[in-house]
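Below: start28.txt (compact mmCIF, C-alpha atoms (C1' of nucleotides))
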# COMPACT_ATOMS: atom_id res chain seq x y z
CA MET A 18 34.55 100.91 82.02
CA ALA A 19 35.91 103.32 79.47
CA ASP A 20 39.62 102.76 79.53
CA PRO A 21 41.49 105.76 78.13
CA ASP A 22 44.82 104.03 78.56
CA PRO A 23 45.61 101.85 75.55
CA ARG A 24 48.41 100.08 77.35
CA PRO A 25 47.93 96.36 76.77
CA ASP A 26 49.33 93.42 78.56
CA VAL A 27 52.86 93.71 77.29
CA PRO A 28 55.92 93.31 79.48
CA ASP A 29 55.90 97.07 79.92
CA PRO A 30 59.09 98.98 79.18
CA ALA A 31 60.26 100.32 82.48
CA ALA A 32 57.29 101.83 84.25
CA ASP A 33 59.05 101.49 87.54
CA GLY A 34 62.66 101.91 88.39
CA SER A 35 62.61 99.76 91.45
CA SER A 36 61.37 96.33 90.40
CA GLU A 37 64.67 95.36 88.85
CA GLY A 38 66.09 94.58 92.22
CA SER A 39 66.16 90.90 91.42
CA GLY A 40 68.46 91.63 88.52
CA ALA A 41 67.73 92.82 85.01
CA VAL A 42 67.89 90.37 82.15
CA HIS A 43 69.29 92.01 79.37
CA SER A 44 72.42 90.81 77.82
CA ALA A 45 73.28 87.82 75.71
CA ALA A 46 76.60 87.73 77.51
CA ASP A 47 74.77 87.22 80.80
CA ILE A 48 72.99 84.23 79.33
CA ALA A 49 76.19 82.71 78.05
CA THR A 50 77.82 83.27 81.42
CA ALA A 51 74.89 81.69 83.21
CA TRP A 52 75.02 78.57 81.05
CA GLN A 53 78.76 78.41 81.40
CA ARG A 54 78.37 78.52 85.16
CA GLU A 55 75.65 75.86 85.16
CA ARG A 56 77.11 73.62 82.52
CA PRO A 57 80.85 74.24 82.21
CA GLY A 58 82.20 73.40 78.81
CA ALA A 59 78.94 73.87 77.00
CA PRO A 60 79.37 75.35 73.51
CA THR A 61 78.07 78.81 74.38
CA ASP A 62 79.93 80.71 71.68
CA SER A 63 76.89 80.91 69.49
CA ILE A 64 74.68 82.48 72.15
CA GLU A 65 76.12 85.94 71.84
CA ILE A 66 75.32 85.86 68.15
CA VAL A 67 72.06 83.98 67.90
CA THR A 68 70.30 85.58 70.85
CA PRO A 69 70.83 89.22 69.92
CA ILE A 70 69.82 88.41 66.38
CA TRP A 71 66.59 86.94 67.62
CA TRP A 72 65.88 89.81 69.99
CA LEU A 73 66.79 92.48 67.47
CA GLY A 74 64.53 90.86 64.94
CA LYS A 75 61.71 91.02 67.42
CA LEU A 76 62.42 94.60 68.45
CA PHE A 77 62.50 95.73 64.83
CA ALA A 78 59.33 93.81 64.06
CA ASP A 79 57.43 95.17 67.06
CA ASP A 80 58.41 98.71 66.28
CA ARG A 81 57.49 98.32 62.65
CA ASP A 82 54.14 96.74 63.52
CA ARG A 83 53.21 99.67 65.72
CA ALA A 84 54.04 102.12 62.95
CA LEU A 85 52.22 100.12 60.31
CA ARG A 86 49.06 99.77 62.32
CA ALA A 87 48.77 103.54 62.33
CA ALA A 88 49.19 103.47 58.55
CA GLY A 89 46.42 100.92 58.09
CA ILE A 90 48.52 98.04 56.83
CA ASP A 91 49.96 94.95 58.47
CA ALA A 92 53.40 93.45 58.16
CA ALA A 93 52.28 90.43 56.16
CA THR A 94 50.65 92.62 53.53
CA LEU A 95 53.61 94.96 53.46
CA ASP A 96 55.86 91.97 52.90
CA LEU A 97 53.72 90.79 50.02
CA LEU A 98 53.39 94.13 48.29
CA SER A 99 57.06 94.95 48.82
CA VAL A 100 58.43 91.86 47.21
CA ILE A 101 56.25 92.41 44.16
CA ARG A 102 57.07 96.08 43.98
CA ARG A 103 60.79 95.43 44.25
CA SER A 104 60.72 92.87 41.50
CA GLY A 105 60.29 95.78 39.11
CA PRO A 106 57.99 96.01 36.08
CA PRO A 107 55.61 94.48 35.33
CA TYR A 108 55.13 94.20 39.08
CA ALA A 109 53.93 90.60 39.05
CA LEU A 110 55.19 87.37 40.59
CA SER A 111 53.95 83.81 40.90
CA THR A 112 52.73 82.48 44.22
CA ARG A 113 55.62 80.07 44.43
CA GLU A 114 58.19 82.71 43.75
CA ILE A 115 56.71 84.94 46.43
CA ALA A 116 56.85 82.08 48.90
CA ARG A 117 60.50 81.48 48.11
CA ARG A 118 61.47 85.12 48.49
CA THR A 119 59.52 85.89 51.64
CA LEU A 120 60.42 82.69 53.50
CA VAL A 121 56.85 81.67 54.23
CA THR A 122 54.94 78.64 52.99
CA ALA A 123 52.94 78.65 49.80
CA GLY A 124 49.80 78.17 51.83
CA ALA A 125 50.45 81.32 53.78
CA VAL A 126 51.08 83.23 50.57
CA SER A 127 47.80 82.00 49.21
CA GLN A 128 46.02 83.38 52.24
CA ARG A 129 47.90 86.65 52.17
CA VAL A 130 47.08 87.13 48.53
CA ALA A 131 43.43 86.35 49.20
CA ARG A 132 43.27 89.04 51.87
CA ALA A 133 45.12 91.57 49.75
CA GLU A 134 42.88 90.80 46.79
CA ARG A 135 39.81 91.24 48.94
CA ASP A 136 41.16 94.67 49.87
CA GLY A 137 41.79 95.54 46.25
CA LEU A 138 45.57 95.73 46.55
CA VAL A 139 46.45 92.97 44.11
CA VAL A 140 44.80 90.88 41.43
CA ARG A 141 45.40 87.28 40.42
CA SER A 142 45.70 86.51 36.74
CA PRO A 143 46.05 83.16 34.99
CA GLY A 144 49.69 83.76 34.18
CA THR A 145 51.19 83.49 30.74
CA THR A 146 50.62 80.41 28.66
CA GLY A 147 52.61 77.33 29.46
CA ARG A 148 53.46 76.73 33.11
CA ARG A 149 50.37 76.56 35.27
CA THR A 150 51.28 79.55 37.37
CA VAL A 151 49.15 82.27 38.92
CA LEU A 152 50.56 85.75 38.66
CA VAL A 153 49.91 88.21 41.45
CA ARG A 154 49.96 91.76 40.23
CA LEU A 155 49.75 95.07 42.07
CA THR A 156 46.72 97.24 41.47
CA ALA A 157 47.07 101.01 41.30
CA GLU A 158 45.81 101.15 44.85
CA GLY A 159 48.27 98.54 46.03
CA HIS A 160 51.06 100.38 44.29
CA ALA A 161 50.10 103.61 46.00
CA LEU A 162 49.87 101.98 49.39
CA ILE A 163 53.28 100.37 49.25
CA GLU A 164 54.73 103.60 47.94
CA ARG A 165 53.37 105.42 50.95
CA SER A 166 54.33 102.76 53.49
CA VAL A 167 57.86 102.00 52.46
CA ASP A 168 59.18 105.42 53.31
CA THR A 169 57.61 105.24 56.72
CA VAL A 170 59.20 101.91 57.49
CA LEU A 171 62.60 102.68 56.03
CA GLY A 172 62.77 106.02 57.74
CA ARG A 173 61.90 104.47 61.03
CA GLU A 174 64.46 101.71 60.71
CA ALA A 175 67.11 104.17 59.59
CA ARG A 176 66.64 106.03 62.85
CA LEU A 177 66.94 102.84 64.84
CA VAL A 178 70.35 101.91 63.42
CA ARG A 179 71.73 105.41 63.74
CA GLY A 180 73.47 104.45 66.97
CA LEU A 181 76.15 102.78 64.90
CA SER A 182 78.62 104.77 62.87
CA GLU A 183 78.66 104.37 59.13
CA GLU A 184 81.83 102.33 59.39
CA GLU A 185 80.32 100.07 62.03
CA ARG A 186 77.21 99.57 59.94
CA ARG A 187 79.33 98.60 56.97
CA VAL A 188 81.28 96.03 58.97
CA LEU A 189 78.12 94.67 60.57
CA ALA A 190 76.34 94.34 57.25
CA GLY A 191 79.33 92.52 55.81
CA LEU A 192 79.52 90.04 58.64
CA LEU A 193 75.79 89.40 58.59
CA ASP A 194 75.91 88.82 54.87
CA LYS A 195 78.75 86.37 55.22
CA LEU A 196 77.06 84.58 58.08
CA MET A 197 73.81 84.33 56.21
CA ALA A 198 75.40 82.86 53.13
CA ASP A 199 77.11 80.30 55.31
CA VAL A 200 74.05 79.39 57.36
CA ARG A 201 71.98 79.08 54.23
CA ARG A 202 74.53 76.71 52.78
CA ARG A 203 74.70 74.60 55.92
CA THR A 204 70.94 74.35 56.37
CA GLY A 205 70.28 73.78 52.72
CA ARG A 206 68.20 76.87 52.10
CA MET B 21 54.44 58.46 63.94
CA ALA B 22 57.82 57.66 62.54
CA ASP B 23 58.14 60.01 59.64
CA PRO B 24 61.22 59.33 57.58
CA ASP B 25 60.52 62.20 55.23
CA PRO B 26 59.49 65.33 57.04
CA ARG B 27 59.53 67.45 53.92
CA PRO B 28 56.38 69.57 53.96
CA ASP B 29 55.21 72.38 51.77
CA VAL B 30 58.12 74.68 52.41
CA PRO B 31 59.74 76.75 49.72
CA ASP B 32 62.02 73.82 49.07
CA PRO B 33 65.78 74.33 49.29
CA ALA B 34 67.01 73.89 45.79
CA ALA B 35 65.45 70.78 44.39
CA ASP B 36 66.08 72.07 40.95
CA GLY B 37 68.98 73.99 39.59
CA SER B 38 67.15 75.40 36.64
CA SER B 39 64.16 77.28 37.95
CA GLU B 40 66.21 80.24 39.07
CA GLY B 41 66.35 81.53 35.57
CA SER B 42 64.19 84.50 36.49
CA GLY B 43 66.85 85.58 38.97
CA ALA B 44 67.61 84.38 42.47
CA VAL B 45 66.56 86.52 45.39
CA HIS B 46 68.98 86.31 47.94
CA SER B 47 70.85 89.22 49.14
CA ALA B 48 69.90 92.15 51.27
CA ALA B 49 72.14 94.24 49.05
CA ASP B 50 69.99 93.31 46.08
CA ILE B 51 66.94 94.57 47.90
CA ALA B 52 68.60 97.83 48.81
CA THR B 53 69.74 98.26 45.23
CA ALA B 54 66.27 97.55 43.94
CA TRP B 55 64.68 100.13 46.21
CA GLN B 56 67.38 102.62 45.34
CA ARG B 57 66.65 102.09 41.69
CA GLU B 58 62.89 102.41 42.17
CA ARG B 59 62.94 105.22 44.70
CA PRO B 60 66.23 107.12 44.48
CA GLY B 61 67.19 108.80 47.69
CA ALA B 62 65.22 106.46 49.91
CA PRO B 63 66.94 105.75 53.22
CA THR B 64 68.02 102.23 52.36
CA ASP B 65 71.01 102.05 54.70
CA SER B 66 69.10 100.06 57.27
CA ILE B 67 68.05 97.33 54.85
CA GLU B 68 71.40 95.57 54.81
CA ILE B 69 71.20 95.30 58.57
CA VAL B 70 67.54 94.73 59.35
CA THR B 71 66.82 92.24 56.58
CA PRO B 72 69.67 89.80 57.26
CA ILE B 73 68.86 89.96 60.96
CA TRP B 74 65.29 88.98 60.23
CA TRP B 75 66.26 86.21 57.84
CA LEU B 76 68.98 84.83 60.07
CA GLY B 77 66.56 84.78 62.97
CA LYS B 78 64.18 82.77 60.89
CA LEU B 79 66.83 80.40 59.58
CA PHE B 80 68.10 79.75 63.11
CA ALA B 81 64.58 79.26 64.40
CA ASP B 82 63.58 76.88 61.63
CA ASP B 83 66.67 74.78 62.08
CA ARG B 84 66.19 74.68 65.83
CA ASP B 85 62.53 73.74 65.49
CA ARG B 86 63.38 70.79 63.31
CA ALA B 87 65.93 69.54 65.80
CA LEU B 88 63.63 70.07 68.76
CA ARG B 89 60.75 68.24 67.22
CA ALA B 90 62.89 65.15 67.06
CA ALA B 91 63.70 65.65 70.75
CA GLY B 92 60.03 65.88 71.67
CA ILE B 93 59.97 69.50 72.79
CA ASP B 94 58.89 72.72 71.13
CA ALA B 95 60.61 76.08 71.04
CA ALA B 96 58.10 77.79 73.32
CA THR B 97 58.58 75.19 76.03
CA LEU B 98 62.33 75.26 75.61
CA ASP B 99 62.22 79.01 76.01
CA LEU B 100 60.23 78.70 79.20
CA LEU B 101 62.32 76.00 80.80
CA SER B 102 65.57 77.65 79.75
CA VAL B 103 64.85 80.99 81.32
CA ILE B 104 63.94 79.33 84.59
CA ARG B 105 66.93 77.02 84.48
CA ARG B 106 69.32 79.84 83.76
CA SER B 107 68.02 81.91 86.63
CA GLY B 108 69.82 79.51 88.91
CA PRO B 109 68.63 78.01 92.19
CA PRO B 110 65.95 77.74 93.33
CA TYR B 111 64.88 77.48 89.68
CA ALA B 112 61.70 79.48 90.07
CA LEU B 113 60.42 82.72 88.51
CA SER B 114 57.17 84.66 88.55
CA THR B 115 54.97 84.76 85.48
CA ARG B 116 55.61 88.45 85.03
CA GLU B 117 59.33 88.05 85.22
CA ILE B 118 59.27 85.29 82.65
CA ALA B 119 57.24 87.48 80.34
CA ARG B 120 59.75 90.28 80.66
CA ARG B 121 62.74 88.07 79.98
CA THR B 122 61.32 86.08 77.09
CA LEU B 123 59.75 89.03 75.28
CA VAL B 124 56.28 87.54 75.06
CA THR B 125 53.06 88.71 76.67
CA ALA B 126 51.96 87.58 80.11
CA GLY B 127 48.98 85.87 78.53
CA ALA B 128 51.22 83.77 76.37
CA VAL B 129 53.35 82.85 79.36
CA SER B 130 50.25 81.76 81.20
CA GLN B 131 49.36 79.44 78.35
CA ARG B 132 52.89 78.12 78.02
CA VAL B 133 53.03 77.38 81.71
CA ALA B 134 49.67 75.64 81.56
CA ARG B 135 50.92 73.34 78.82
CA ALA B 136 54.20 72.66 80.57
CA GLU B 137 52.40 71.97 83.81
CA ARG B 138 50.06 69.57 82.07
CA ASP B 139 53.14 67.74 80.82
CA GLY B 140 54.66 67.63 84.28
CA LEU B 141 57.61 69.87 83.47
CA VAL B 142 56.85 72.68 85.91
CA VAL B 143 54.59 73.37 88.87
CA ARG B 144 52.91 76.57 89.98
CA SER B 145 53.12 77.51 93.63
CA PRO B 146 51.49 80.42 95.49
CA GLY B 147 54.76 82.26 95.82
CA THR B 148 56.12 83.59 99.05
CA THR B 149 53.89 85.65 101.29
CA GLY B 150 53.30 89.27 100.45
CA ARG B 151 53.17 90.15 96.75
CA ARG B 152 50.50 88.17 94.98
CA THR B 153 52.85 86.39 92.63
CA VAL B 154 52.79 82.89 91.22
CA LEU B 155 56.11 81.11 91.12
CA VAL B 156 56.82 78.67 88.33
CA ARG B 157 59.28 76.01 89.35
CA LEU B 158 60.98 73.24 87.38
CA THR B 159 60.10 69.67 88.27
CA ALA B 160 62.76 67.00 88.20
CA GLU B 161 61.43 65.91 84.86
CA GLY B 162 61.51 69.44 83.50
CA HIS B 163 65.03 69.85 84.76
CA ALA B 164 66.12 66.67 83.05
CA LEU B 165 64.46 67.64 79.79
CA ILE B 166 66.07 71.05 79.57
CA GLU B 167 69.39 69.52 80.50
CA ARG B 168 69.10 67.13 77.61
CA SER B 169 67.83 69.67 75.10
CA VAL B 170 70.17 72.54 75.68
CA ASP B 171 73.23 70.69 74.49
CA THR B 172 71.46 69.67 71.34
CA VAL B 173 70.46 73.21 70.53
CA LEU B 174 73.74 74.84 71.48
CA GLY B 175 75.76 72.28 69.60
CA ARG B 176 73.67 72.77 66.53
CA GLU B 177 73.94 76.54 66.64
CA ALA B 178 77.66 76.37 67.26
CA ARG B 179 78.04 74.47 64.02
CA LEU B 180 75.97 77.04 62.16
CA VAL B 181 78.19 79.97 63.14
CA ARG B 182 81.40 78.10 62.47
CA GLY B 183 81.68 79.78 59.10
CA LEU B 184 82.95 82.88 60.87
CA SER B 185 86.38 82.99 62.44
CA GLU B 186 86.66 83.51 66.15
CA GLU B 187 87.75 87.07 65.57
CA GLU B 188 84.82 87.73 63.26
CA ARG B 189 82.40 86.28 65.76
CA ARG B 190 83.81 88.50 68.47
CA VAL B 191 83.40 91.62 66.36
CA LEU B 192 79.93 90.61 65.26
CA ALA B 193 78.80 89.91 68.81
CA GLY B 194 80.13 93.26 69.92
CA LEU B 195 78.34 95.18 67.20
CA LEU B 196 75.09 93.32 67.80
CA ASP B 197 75.30 94.03 71.49
CA LYS B 198 75.90 97.70 70.88
CA LEU B 199 73.07 97.88 68.36
CA MET B 200 70.68 96.12 70.67
CA ALA B 201 71.40 98.40 73.59
CA ASP B 202 70.79 101.34 71.32
CA VAL B 203 67.60 100.04 69.75
CA ARG B 204 66.24 99.11 73.12
CA ARG B 205 66.89 102.61 74.35
CA ARG B 206 65.27 104.21 71.32
CA THR B 207 62.18 102.01 71.40
CA GLY B 208 61.81 102.21 75.15
CA ARG B 209 62.26 98.52 75.85
C1' DT C 12 38.12 101.36 109.24
C1' DC C 13 36.80 101.44 104.61
C1' DC C 14 37.06 102.36 99.76
C1' DG C 15 39.52 102.91 95.68
C1' DC C 16 43.89 102.08 93.19
C1' DT C 17 47.35 99.32 91.34
C1' DA C 18 49.64 95.02 90.11
C1' DC C 19 49.25 90.42 88.61
C1' DG C 20 47.70 86.11 86.58
C1' DT C 21 44.12 84.09 83.78
C1' DT C 22 40.76 83.72 80.23
C1' DT C 23 38.79 84.69 75.81
C1' DA C 24 38.22 86.31 71.02
C1' DG C 25 40.40 86.91 66.85
C1' DA C 26 44.15 86.60 63.59
C1' DT C 27 47.75 84.15 61.19
C1' DC C 28 50.93 80.62 60.34
C1' DT C 29 52.51 75.80 59.37
C1' DA C 30 51.78 71.17 57.81
C1' DA C 31 49.23 68.22 55.24
C1' DA C 32 45.69 66.87 52.12
C1' DC C 33 43.72 67.94 47.77
C1' DG C 34 42.59 68.84 42.91
C1' DT C 35 44.49 69.83 38.61
C1' DA C 36 47.36 70.91 34.68
C1' DA C 37 51.69 70.02 32.15
C1' DA C 38 55.49 67.11 31.10
C1' DC C 39 57.32 62.66 30.32
C1' DG C 40 57.98 57.89 29.03
C1' DA C 41 56.54 53.48 27.26
C1' DT D 30 48.49 57.66 22.53
C1' DC D 31 47.82 57.25 27.24
C1' DG D 32 48.88 56.53 32.02
C1' DT D 33 52.19 58.27 35.46
C1' DT D 34 54.83 61.65 37.57
C1' DT D 35 55.74 66.25 38.87
C1' DA D 36 54.73 71.02 39.95
C1' DC D 37 51.62 74.39 41.68
C1' DG D 38 47.95 76.80 44.05
C1' DT D 39 44.30 76.21 47.35
C1' DT D 40 41.96 74.52 51.29
C1' DT D 41 41.62 72.74 55.88
C1' DA D 42 42.82 71.36 60.64
C1' DG D 43 45.41 72.48 64.46
C1' DA D 44 48.51 75.25 67.21
C1' DT D 45 49.99 79.55 69.23
C1' DC D 46 50.29 84.32 69.84
C1' DT D 47 48.59 89.09 70.84
C1' DA D 48 45.28 92.30 72.70
C1' DA D 49 41.78 93.04 75.71
C1' DA D 50 38.62 91.93 79.31
C1' DC D 51 38.37 89.99 83.82
C1' DG D 52 38.69 88.75 88.72
C1' DT D 53 41.21 89.36 92.74
C1' DA D 54 44.70 90.46 96.29
C1' DG D 55 47.35 93.88 98.75
C1' DC D 56 48.29 98.83 99.71
C1' DG D 57 47.33 103.37 100.99
C1' DG D 58 44.78 107.63 101.87
C1' DA D 59 40.69 109.82 103.88
Produce structure tokens that represent the structure in this file.
Amino acid sequence: MADPDPRPDVPDPAADGSSEGSGAVHSAADIATAWQRERPGAPTDSIEIVTPIWWLGKLFADDRDRALRAAGIDAATLDLLSVIRRSGPPYALSTREIARRTLVTAGAVSQRVARAERDGLVVRSPGTTGRRTVLVRLTAEGHALIERSVDTVLGREARLVRGLSEEERRVLAGLLDKLMADVRRRTGR
Amino acid sequence: MADPDPRPDVPDPAADGSSEGSGAVHSAADIATAWQRERPGAPTDSIEIVTPIWWLGKLFADDRDRALRAAGIDAATLDLLSVIRRSGPPYALSTREIARRTLVTAGAVSQRVARAERDGLVVRSPGTTGRRTVLVRLTAEGHALIERSVDTVLGREARLVRGLSEEERRVLAGLLDKLMADVRRRTGR
DNA sequence: TCCGCTACGTTTAGATCTAAACGTAAACGA
DNA sequence: TCGTTTACGTTTAGATCTAAACGTAGCGGA
């Protein structure tokens, strides 16, 4: 009954070294090649960009989630507190503005704020006169929590990208920035 | 059914050109700068890599979801059918293998397969003798659907990355590949 | 031969997100 | 002045995912 092994149902890293006989997955180039073989002429150029971006995003997120769970905070809350903290004094933003900056819907923000408020990390105030906005402000406790968590997350991520040289990181960041600006323009975001 | 205006609650592209008076968001560099200002010495190097990767992943996914909805298929199903289709003849994979290749849990795969089977896109068969595996195989209908969808998605993505020159795309793909191999090694995936 | 161990797929409980429907408060125009 | 439009936050319904608990089927050692 008592299960001392907290290993869940996940795909499992590489517990065995023999089951990959049928061929590992594991490379966007393989996917592009496979499609090219199956459907010659297909526009597969994008695969080697879009797929690794998707996978890397997931790998970063999974790693971060594991670290955050140990710290007693979840990614959604971290996202909320971070964006407010980064906005600088007076550490307050409207619901709509938070939604815009975090790329989630206003409804989701409302729910995140409700949870964070329940936990005493933020407070909602009627906003300044005029526009009917609701300002979400960090409490002292919320401020302390984000202060503690951000170093953990940044430190962890810094280690993960250390495989690239400083020069490579600079080039990569530049290309990603350019691509993002372009994609945002094309998709209207 | 026919919905000529699928504009939901989302953050809304840029319906107004005036509300950004309080400062646009919009650059990983801004975030790094902000953290550097607030917490000097913090390891912010990773931000300009991790953040755009996350955002780009979301932008690609959102765009793809919109296109797929019109085609009558969702991203989870596309993911399932694609990985089987790409594996080549005889177009069949075990649940576990699918989980490993798509980076979702086995439980989620089970549910995805159940939905796809209900829709007549795949069938489950007892697998060959020996190992107690369940093989998921494409039906003719599933095969046709993925055939139709993949061009739509690839074509769309190809347009989105067109802002980068061929040379830039090559460099970017190379760096992403290198980074992914490294991150996977460090996180044990 | 028999019993326990391991691997695998499924099921279930719980959490969270999106999309859409609301309910109001300002702003605007006749 | 007053009704209409617009903007905003919240609530609700529905979908899907993860984590964990199960239920078995083969395999292997005593």
- In file coordinates, which residues lie within 12 Å of (35.4, 101.3, 102.8) using all atoms listed in the file, given as an NGL selection string? (:C and (12-15)) or (:D and (58-59))
- Determine which residues of chain D sit within 10 Å of chain A, taking into account only C-alpha atoms (C1' of nucleotides), and present them as number ranges by chain. D: 36-40, 47-49
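One finds atom CA of Glu177 of chain B at 18.1 Å from atom CA of Gly194 of chain B.
The interatomic distance for the pair atom CA of Leu158 of chain B and atom CA of Ala136 of chain B works out to 9.6 Å.
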- Extract, using only C-alpha atoms (C1' of nucleotides), all DNA, RNA and protein residues at most 10 Å from Asp139 of chain B, discarding same-chain residues fewer than 5 positions from it, and format them as a list in words. Val133, Ala134, Glu161 and Gly162 of chain B
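In this structure, atom CA of Thr125 of chain B sits 12.5 Å away from atom CA of Ala96 of chain B.
You can rank C:DC19, C:DC33, C:DC28, C:DA41 by their closest distance to chain A using all atoms listed in the file, and at the top of that list sits C:DC28.
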- Quick one: residues within 10 Å of (44.7, 78.0, 67.6) (file frame), counting all atoms listed in the file, please, as a list in words.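 Residues with an atom close enough to that point: DG25, DA26, DT27 and DC28 of chain C; DA42, DG43, DA44, DT45 and DC46 of chain D.
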- Would you list the contacts of DG52 of chain D as JSON, numbers by chain, taking every protein, DNA or RNA residue within 12 Å and counting only C-alpha atoms (C1' of nucleotides), but skipping same-chain residues closer than 5 positions in sequence? {"C": [19, 20, 21, 22]}
- Task: Select all residues from chain C having any atom no more than 10 Å from an atom of chain A (counting only C-alpha atoms (C1' of nucleotides), ignoring ligands), output as a PyMOL selection string.
- Result: chain C and resi 27-30+35-37
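Considering the residues B:Ala87, B:Val142, B:Ala160, B:Ala178 and counting only C-alpha atoms, Ile64 of chain A has its shortest atom-to-atom contact with B:Ala178.
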Centre, edges in Å (one decimal): axis-aligned box, segment 50-53 of chain D, 3 Å padding on all six sides, as JSON:
{"center_x": 39.8, "center_y": 90.3, "center_z": 86.0, "size_x": 8.8, "size_y": 9.2, "size_z": 19.4}
- With only C-alpha atoms as the basis for distance, which of B:Ala91, B:Ala164, B:Ile104, B:Val70 is at the shortest distance from chain A? B:Val70
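Of the listed residues A:Leu138, A:Leu98, A:Ile115, A:Ile90, the one whose atoms come nearest to chain B is A:Ile115, with distances taken using all atoms listed in the file.
Closest approach to Leu174 of chain B from the set B:Asp83, B:Arg190, B:Gly92, B:Arg144 is made by B:Asp83, with distances taken over all atoms listed in the file.
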- Message: Which residues are close to Asp79 of chain A, i.e. within 10 Å by only C-alpha atoms (C1' of nucleotides), leaving aside same-chain residues fewer than 5 positions away? Reply as JSON, numbers by chain.
- Response: {"A": [73, 74, 84, 85, 92], "B": [207]}
- Nearest residue to Met200 of chain B from the set A:Pro69, A:Pro143, A:Gly137, A:Pro106 (distances using only C-alpha atoms):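 Comparing A:Pro69, A:Pro143, A:Gly137, A:Pro106 against Met200 of chain B, the winner is A:Pro69.
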Put segment 168-180 of chain A into a file with N, CA and C atoms, as a short mmCIF file (atom, residue, chain, number, x, y, z; two decimals), in the first residue's frame.
data_model
loop_
_atom_site.label_atom_id
_atom_site.label_comp_id
_atom_site.auth_asym_id
_atom_site.auth_seq_id
_atom_site.Cartn_x
_atom_site.Cartn_y
_atom_site.Cartn_z
N ASP A 168 14.55 34.19 -7.51
CA ASP A 168 15.94 33.76 -7.57
C ASP A 168 16.04 32.27 -7.84
N THR A 169 15.17 31.53 -7.21
CA THR A 169 15.16 30.09 -7.45
C THR A 169 14.97 29.78 -8.93
N VAL A 170 13.94 30.39 -9.50
CA VAL A 170 13.61 30.11 -10.89
C VAL A 170 14.70 30.59 -11.83
N LEU A 171 15.15 31.82 -11.63
CA LEU A 171 16.16 32.36 -12.53
C LEU A 171 17.46 31.57 -12.44
N GLY A 172 17.82 31.21 -11.24
CA GLY A 172 19.04 30.44 -11.07
C GLY A 172 18.97 29.11 -11.78
N ARG A 173 17.81 28.50 -11.66
CA ARG A 173 17.61 27.21 -12.29
C ARG A 173 17.68 27.32 -13.81
N GLU A 174 17.00 28.31 -14.34
CA GLU A 174 17.00 28.49 -15.79
C GLU A 174 18.40 28.86 -16.30
N ALA A 175 19.10 29.64 -15.51
CA ALA A 175 20.44 30.04 -15.93
C ALA A 175 21.33 28.81 -16.10
N ARG A 176 21.14 27.85 -15.20
CA ARG A 176 21.93 26.61 -15.33
C ARG A 176 21.54 25.85 -16.59
N LEU A 177 20.26 25.89 -16.91
CA LEU A 177 19.81 25.10 -18.06
C LEU A 177 20.33 25.63 -19.40
N VAL A 178 20.56 26.91 -19.48
CA VAL A 178 21.04 27.48 -20.76
C VAL A 178 22.55 27.59 -20.81
N ARG A 179 23.22 27.05 -19.80
CA ARG A 179 24.66 27.20 -19.72
C ARG A 179 25.39 26.38 -20.78
N GLY A 180 24.65 25.49 -21.44
CA GLY A 180 25.28 24.69 -22.48
C GLY A 180 25.67 25.51 -23.70
#
